[in-house]
file structure.csv (CSV, C-alpha atoms)
chain,number,residue,atom,x,y,z
A,1,MET,CA,10.1,-21.2,-3.4
A,2,VAL,CA,7.0,-20.5,-5.5
A,3,LEU,CA,7.7,-18.0,-8.2
A,4,PRO,CA,5.6,-16.5,-11.0
A,5,ASN,CA,5.7,-18.8,-14.0
A,6,GLU,CA,3.8,-16.9,-16.8
A,7,SER,CA,5.7,-16.6,-20.0
A,8,SER,CA,6.0,-12.9,-19.7
A,9,LEU,CA,7.9,-13.3,-16.4
A,10,GLN,CA,10.5,-15.9,-17.5
A,11,LYS,CA,13.3,-13.3,-17.9
A,12,LEU,CA,12.9,-12.1,-14.4
A,13,GLN,CA,15.3,-13.2,-11.7
A,14,PHE,CA,14.6,-13.2,-8.0
A,15,TYR,CA,17.0,-12.7,-5.0
A,16,VAL,CA,16.5,-12.7,-1.3
A,17,THR,CA,17.7,-9.7,0.7
A,18,THR,CA,19.9,-9.9,3.8
A,19,PRO,CA,17.9,-9.8,7.1
A,20,TYR,CA,16.8,-6.5,8.4
A,21,ALA,CA,14.7,-5.2,11.3
A,22,CYS,CA,11.0,-6.0,10.8
A,23,GLY,CA,8.9,-2.8,10.8
A,24,TYR,CA,5.8,-4.6,12.2
A,25,LEU,CA,6.7,-7.2,14.7
A,26,PRO,CA,9.1,-6.2,17.5
A,27,LYS,CA,12.4,-8.0,17.8
A,28,GLN,CA,11.8,-9.8,14.5
A,29,ARG,CA,14.2,-10.0,11.5
A,30,ALA,CA,12.7,-9.9,8.0
A,31,GLN,CA,13.8,-10.7,4.5
A,32,SER,CA,12.3,-9.8,1.1
A,33,LEU,CA,12.2,-11.5,-2.3
A,34,ILE,CA,13.1,-8.9,-5.0
A,35,ALA,CA,12.2,-9.2,-8.7
A,36,THR,CA,15.0,-8.1,-11.0
A,37,PRO,CA,16.0,-6.4,-13.3
A,38,GLN,CA,13.7,-3.5,-12.5
A,39,GLN,CA,13.3,-2.4,-16.1
A,40,LEU,CA,11.5,-5.7,-16.9
A,41,VAL,CA,8.9,-5.1,-14.3
A,42,THR,CA,6.4,-3.5,-16.8
A,43,PRO,CA,2.8,-2.7,-15.9
A,44,GLN,CA,1.7,-6.0,-17.4
A,45,VAL,CA,4.4,-8.0,-15.5
A,46,TYR,CA,3.6,-6.2,-12.3
A,47,SER,CA,-0.1,-7.0,-12.7
A,48,SER,CA,0.9,-10.7,-12.6
A,49,LEU,CA,3.3,-10.2,-9.7
A,50,ILE,CA,0.8,-8.5,-7.5
A,51,GLN,CA,-1.7,-11.4,-8.0
A,52,GLN,CA,1.0,-13.5,-6.4
A,53,GLY,CA,1.6,-11.4,-3.4
A,54,PHE,CA,4.2,-8.9,-4.6
A,55,ARG,CA,4.2,-5.2,-3.7
A,56,ARG,CA,6.0,-2.1,-4.9
A,57,SER,CA,8.4,0.3,-3.1
A,58,GLY,CA,9.8,2.8,-5.6
A,59,ASN,CA,11.1,0.8,-8.5
A,60,PHE,CA,11.4,-2.4,-6.5
A,61,ALA,CA,8.8,-5.2,-6.7
A,62,TYR,CA,9.0,-7.4,-3.6
A,63,ARG,CA,7.2,-9.8,-1.3
A,64,PRO,CA,8.1,-11.0,2.2
A,65,HIS,CA,10.4,-14.1,2.3
A,66,CYS,CA,11.1,-14.7,5.9
A,67,GLU,CA,12.5,-18.2,6.7
A,68,HIS,CA,10.8,-18.7,10.0
A,69,CYS,CA,7.8,-16.4,9.8
A,70,HIS,CA,4.8,-16.3,7.5
A,71,ALA,CA,2.8,-13.5,9.2
A,72,CYS,CA,2.4,-11.2,6.2
A,73,VAL,CA,-0.7,-12.1,4.2
A,74,SER,CA,-1.7,-10.2,1.0
A,75,VAL,CA,-5.2,-8.9,1.2
A,76,ARG,CA,-7.6,-7.4,-1.4
A,77,ILE,CA,-11.2,-6.0,-1.1
A,78,VAL,CA,-13.9,-7.6,-3.3
A,79,LEU,CA,-15.5,-4.4,-4.6
A,80,ASP,CA,-18.7,-5.8,-6.1
A,81,GLU,CA,-19.7,-7.1,-2.7
A,82,PHE,CA,-18.3,-4.4,-0.4
A,83,LYS,CA,-20.7,-2.4,1.7
A,84,PRO,CA,-19.4,0.1,4.3
A,85,ASN,CA,-20.2,-0.5,7.9
A,86,ARG,CA,-21.5,2.1,10.2
A,87,SER,CA,-18.1,3.3,11.3
A,88,GLN,CA,-16.9,3.6,7.8
A,89,LYS,CA,-20.0,5.6,6.8
A,90,ARG,CA,-19.3,8.0,9.6
A,91,ALA,CA,-15.7,8.4,8.4
A,92,PHE,CA,-16.8,9.1,4.9
A,93,GLN,CA,-19.3,11.8,6.1
A,94,LEU,CA,-16.8,13.4,8.4
A,95,HIS,CA,-14.5,14.1,5.5
A,96,ALA,CA,-17.1,14.7,2.8
A,97,HIS,CA,-15.9,18.3,2.5
A,98,LEU,CA,-12.5,17.2,1.1
A,99,HIS,CA,-11.9,17.4,-2.7
A,100,ALA,CA,-9.6,15.0,-4.5
A,101,ASN,CA,-7.1,15.9,-7.2
A,102,THR,CA,-5.5,13.1,-9.3
A,103,LEU,CA,-1.9,13.8,-10.2
A,104,PRO,CA,1.1,12.1,-11.9
A,105,VAL,CA,3.7,10.7,-9.6
A,106,VAL,CA,6.0,13.7,-9.1
A,107,PHE,CA,7.8,15.5,-6.3
A,108,ASP,CA,5.8,18.2,-4.7
A,109,THR,CA,7.1,20.3,-1.8
A,110,SER,CA,3.8,20.4,0.0
A,111,HIS,CA,3.5,16.6,-0.2
A,112,PHE,CA,6.9,16.1,1.1
A,113,GLU,CA,6.4,18.5,4.1
A,114,LEU,CA,3.1,16.6,5.0
A,115,TYR,CA,5.0,13.3,4.7
A,116,GLN,CA,7.7,14.6,7.1
A,117,ARG,CA,5.1,15.5,9.7
A,118,TYR,CA,3.3,12.2,9.3
A,119,GLN,CA,6.6,10.2,9.7
A,120,LEU,CA,7.6,12.2,12.8
A,121,ALA,CA,4.2,11.6,14.4
A,122,ARG,CA,3.7,7.9,13.4
A,123,HIS,CA,6.9,6.2,12.4
A,124,MET,CA,9.9,7.5,14.2
A,125,PRO,CA,12.5,6.0,14.6
A,126,PRO,CA,12.7,4.6,11.0
A,127,GLU,CA,11.3,1.2,10.6
A,128,SER,CA,12.5,0.2,7.1
A,129,GLY,CA,15.7,-1.5,8.3
A,130,GLU,CA,18.9,-0.8,10.3
A,131,ASN,CA,20.7,1.0,7.4
A,132,ALA,CA,17.7,3.0,6.3
A,133,ALA,CA,18.3,6.7,5.4
A,134,PRO,CA,16.7,9.2,7.7
A,135,LEU,CA,13.0,9.6,6.8
A,136,ASN,CA,13.2,13.4,6.5
A,137,GLU,CA,15.6,13.2,3.5
A,138,ILE,CA,14.1,14.3,0.2
A,139,GLU,CA,16.1,11.7,-1.7
A,140,GLN,CA,14.6,8.9,0.4
A,141,TYR,CA,11.1,10.2,-0.2
A,142,GLN,CA,11.6,10.5,-3.9
A,143,GLN,CA,13.0,7.0,-4.2
A,144,PHE,CA,10.1,5.6,-2.1
A,145,LEU,CA,7.1,7.4,-3.6
A,146,CYS,CA,8.1,9.5,-6.6
A,147,GLN,CA,9.7,6.7,-8.7
A,148,SER,CA,7.7,4.0,-10.4
A,149,ASN,CA,8.1,1.9,-13.5
A,150,VAL,CA,4.4,0.8,-13.5
A,151,ASP,CA,1.1,2.8,-13.9
A,152,SER,CA,1.0,4.9,-10.8
A,153,LEU,CA,-0.7,8.1,-9.7
A,154,MET,CA,-1.0,10.4,-6.7
A,155,VAL,CA,-4.4,11.4,-5.2
A,156,GLU,CA,-4.2,14.5,-3.0
A,157,PHE,CA,-7.0,15.6,-0.7
A,158,ARG,CA,-7.5,19.2,0.2
A,159,ASP,CA,-10.1,21.0,2.4
A,160,LYS,CA,-12.3,24.0,1.4
A,161,ASP,CA,-9.4,26.4,2.1
A,162,ASP,CA,-7.1,24.4,-0.2
A,163,VAL,CA,-5.1,23.1,2.7
A,164,LEU,CA,-3.4,19.7,1.9
A,165,LYS,CA,-4.7,17.0,4.3
A,166,MET,CA,-3.8,13.7,2.8
A,167,VAL,CA,-1.9,12.1,-0.1
A,168,SER,CA,-2.4,8.5,-1.5
A,169,VAL,CA,0.0,6.9,-3.9
A,170,VAL,CA,-1.8,4.3,-6.0
A,171,ASP,CA,-0.8,1.7,-8.7
A,172,VAL,CA,-3.2,0.7,-11.4
A,173,VAL,CA,-3.0,-3.0,-12.3
A,174,GLN,CA,-5.1,-5.1,-14.6
A,175,ASP,CA,-7.6,-6.3,-12.0
A,176,GLY,CA,-7.7,-3.4,-9.5
A,177,LEU,CA,-6.0,-0.6,-7.8
A,178,SER,CA,-3.2,-1.1,-5.3
A,179,ALA,CA,-2.8,1.2,-2.4
A,180,VAL,CA,0.9,1.8,-2.2
A,181,TYR,CA,1.1,4.3,0.7
A,182,THR,CA,-1.0,7.0,2.3
A,183,PHE,CA,0.1,9.8,4.6
A,184,TYR,CA,-2.0,12.5,6.1
A,185,ASP,CA,-2.4,15.3,8.7
A,186,THR,CA,-2.2,13.8,12.2
A,187,SER,CA,-2.8,17.0,14.1
A,188,ASP,CA,-6.5,16.3,14.8
A,189,PRO,CA,-7.1,13.0,16.6
A,190,LYS,CA,-10.8,13.0,15.7
A,191,THR,CA,-10.1,12.5,12.0
A,192,SER,CA,-10.4,9.1,10.2
A,193,PHE,CA,-8.2,9.9,7.2
A,194,GLY,CA,-6.9,6.3,6.7
A,195,THR,CA,-10.4,4.8,6.5
A,196,TYR,CA,-11.6,7.7,4.3
A,197,SER,CA,-8.8,7.2,1.8
A,198,ILE,CA,-9.6,3.5,1.3
A,199,LEU,CA,-13.3,4.4,0.8
A,200,ARG,CA,-12.3,6.9,-1.9
A,201,LEU,CA,-10.0,4.4,-3.6
A,202,ILE,CA,-12.9,1.9,-3.6
A,203,GLU,CA,-15.0,4.5,-5.4
A,204,LYS,CA,-12.3,5.2,-7.9
A,205,ALA,CA,-11.6,1.5,-8.6
A,206,ARG,CA,-15.3,0.9,-9.1
A,207,SER,CA,-15.6,3.9,-11.5
A,208,LEU,CA,-12.8,2.2,-13.6
A,209,GLY,CA,-14.7,-1.1,-13.6
A,210,LEU,CA,-12.0,-2.9,-11.6
A,211,PRO,CA,-12.9,-5.8,-9.3
A,212,TYR,CA,-10.3,-5.4,-6.5
A,213,LEU,CA,-8.5,-2.9,-4.2
A,214,TYR,CA,-5.2,-4.4,-3.0
A,215,LEU,CA,-4.4,-3.3,0.5
A,216,GLY,CA,-0.9,-4.8,0.8
A,217,TYR,CA,-0.1,-7.1,3.8
A,218,TRP,CA,-2.2,-7.9,6.8
A,219,ILE,CA,-0.5,-9.2,10.0
A,220,ALA,CA,-2.7,-10.7,12.7
A,221,ASP,CA,-0.4,-9.7,15.5
A,222,SER,CA,0.2,-6.1,14.3
A,223,GLN,CA,-2.0,-3.3,15.6
A,224,LYS,CA,-1.0,-1.2,12.6
A,225,MET,CA,-2.8,-3.7,10.4
A,226,VAL,CA,-6.1,-4.1,12.4
A,227,TYR,CA,-7.9,-1.5,10.2
A,228,LYS,CA,-7.6,-3.7,7.1
A,229,GLN,CA,-9.7,-6.5,8.4
A,230,ALA,CA,-12.7,-4.1,8.8
A,231,PHE,CA,-13.1,-4.0,5.0
A,232,ARG,CA,-15.3,-6.9,4.0
A,233,PRO,CA,-15.6,-9.1,2.1
A,234,GLN,CA,-11.9,-9.5,1.4
A,235,GLN,CA,-9.7,-12.1,0.0
A,236,ARG,CA,-6.4,-13.3,1.4
A,237,LEU,CA,-3.6,-15.0,-0.4
A,238,ILE,CA,-3.1,-18.3,1.4
A,239,GLY,CA,-1.1,-21.1,0.0
A,240,GLY,CA,-0.9,-19.4,-3.4
A,241,LYS,CA,-4.7,-19.0,-3.7
A,242,TRP,CA,-7.0,-16.1,-3.0
A,243,VAL,CA,-9.4,-17.2,-0.3
A,244,GLN,CA,-12.5,-15.3,0.6
A,245,GLN,CA,-12.8,-14.1,4.2
A,246,THR,CA,-16.2,-13.1,5.6
A,247,ASP,CA,-15.7,-13.3,9.4
A,248,LYS,CA,-14.0,-10.7,11.6
A,249,SER,CA,-10.7,-12.5,12.0
call {"tool": "encode", "arguments": {"input": "structure.csv", "output": "structure tokens"}}
result
Amino acid sequence: MVLPNESSLQKLQFYVTTPYACGYLPKQRAQSLIATPQQLVTPQVYSSLIQQGFRRSGNFAYRPHCEHCHACVSVRIVLDEFKPNRSQKRAFQLHAHLHANTLPVVFDTSHFELYQRYQLARHMPPESGENAAPLNEIEQYQQFLCQSNVDSLMVEFRDKDDVLKMVSVVDVVQDGLSAVYTFYDTSDPKTSFGTYSILRLIEKARSLGLPYLYLGYWIADSQKMVYKQAFRPQQRLIGGKWVQQTDKS
């Protein structure tokens, strides 16, 4: 297996999880490669790991490590060259009335309640493995989104009446921002919160002088991942190298 080899990563160890139900491809079993011990995954170390396809869930840094499947591909947007398409411009204008607040990664009851509603609408039954805790448990939410040993923040979006509409959890790494997870109000089907959140993160990353926005994994055969390929130009991690993609595939 190809593992990070920078000197700052030499003390890390990596183990492969037992198989669990894949959350993206039906009837598939998945495995992940986990970096341990967690306390050694510092912001600097994590910046190196994410460049090699790792992601974060709570305090865990991981990347897919499935024996017979290589469908998960890390993607990142090249910010200097990105220009929104017509649909993305409409999404931005549709939600221009929202105001953003940047917060530390902490538990907030209003965030958790929005997360519950989002999960019930979009992701029930649980998709994070056979033995996953129920998604409405506060402890599971806190472990997933309120714990981090790297530089992380929450960005909440509220309307003019101060009603919470969306929350994005974001990591700050040396060469970009990494979109960890976004959840939002699903009650209005005419909204485009997911697209809008990425556009706002692009703005934020540019304001910080960062070159990339990491979007996690793209899977060609997963409808949940289709939206990611609309953000161009982007790079995909293929064979250990970031390769620029300019077509629509």
call {"tool": "residues_near_point", "arguments": {"input": "structure.csv", "point": "(-11.2, 0.3, 5.9)", "cutoff": "8 Å", "atoms": "only C-alpha atoms", "output": "ChimeraX atom specification"}}
result
/A:88,194-196,198-199,227-231
call {"tool": "residues_around", "arguments": {"input": "structure.csv", "residues": "stretch 99-115 of chain A", "least_positions_apart": "6", "cutoff": "7 Å", "atoms": "all atoms listed in the file", "output": "list of chain:residue names"}}
result
A:Gln142, A:Cys146, A:Ser152, A:Leu153, A:Met154, A:Val155, A:Glu156, A:Phe157, A:Arg158, A:Asp159, A:Phe183, A:Tyr184, A:Asp185
call {"tool": "residues_around", "arguments": {"input": "structure.csv", "residues": "stretch 24-29 of chain A", "least_positions_apart": "3", "cutoff": "10 Å", "atoms": "all atoms listed in the file", "output": "PyMOL selection string"}}
result
chain A and resi 18-21+66-69+71-72+127-129+219+221-225
call {"tool": "atom_distance", "arguments": {"input": "structure.csv", "atom1": "atom CA of A:Gln52", "atom2": "atom CA of A:Ser74"}}
result
8.5 Å
call {"tool": "closest_residue", "arguments": {"input": "structure.csv", "among": "A:Val150, A:Val75, A:Val173, A:Leu33", "to": "A:Ser48", "atoms": "all atoms listed in the file"}}
result
A:Val173
call {"tool": "residues_around", "arguments": {"input": "structure.csv", "residues": "A:Thr191", "least_positions_apart": "5", "cutoff": "12 Å", "atoms": "all atoms listed in the file", "output": "PyMOL selection string"}}
result
chain A and resi 88+90-96+165-166+184-186+196-197
call {"tool": "write_last_selection", "arguments": {"input": "structure.csv", "atoms": "C-alpha atoms", "output": "tab-separated table (two decimals), in the coordinates of the input"}}
result
chain	number	residue	atom	x	y	z
A	88	GLN	CA	-16.90	3.60	7.80
A	90	ARG	CA	-19.30	8.00	9.60
A	91	ALA	CA	-15.70	8.40	8.40
A	92	PHE	CA	-16.80	9.10	4.90
A	93	GLN	CA	-19.30	11.80	6.10
A	94	LEU	CA	-16.80	13.40	8.40
A	95	HIS	CA	-14.50	14.10	5.50
A	96	ALA	CA	-17.10	14.70	2.80
A	165	LYS	CA	-4.70	17.00	4.30
A	166	MET	CA	-3.80	13.70	2.80
A	184	TYR	CA	-2.00	12.50	6.10
A	185	ASP	CA	-2.40	15.30	8.70
A	186	THR	CA	-2.20	13.80	12.20
A	196	TYR	CA	-11.60	7.70	4.30
A	197	SER	CA	-8.80	7.20	1.80
call {"tool": "atom_distance", "arguments": {"input": "structure.csv", "atom1": "atom CA of A:Ile238", "atom2": "atom CA of A:Arg63"}}
result
13.6 Å
call {"tool": "closest_residue", "arguments": {"input": "structure.csv", "among": "A:Val163, A:Phe193, A:Gln244, A:Leu9", "to": "A:Val45", "atoms": "only C-alpha atoms"}}
result
A:Leu9
call {"tool": "atom_distance", "arguments": {"input": "structure.csv", "atom1": "atom CA of A:Gln147", "atom2": "atom CA of A:Asn59"}}
result
6.1 Å
call {"tool": "closest_residue", "arguments": {"input": "structure.csv", "among": "A:Pro43, A:Lys204, A:Gln38, A:Tyr62", "to": "A:Thr17", "atoms": "only C-alpha atoms"}}
result
A:Tyr62
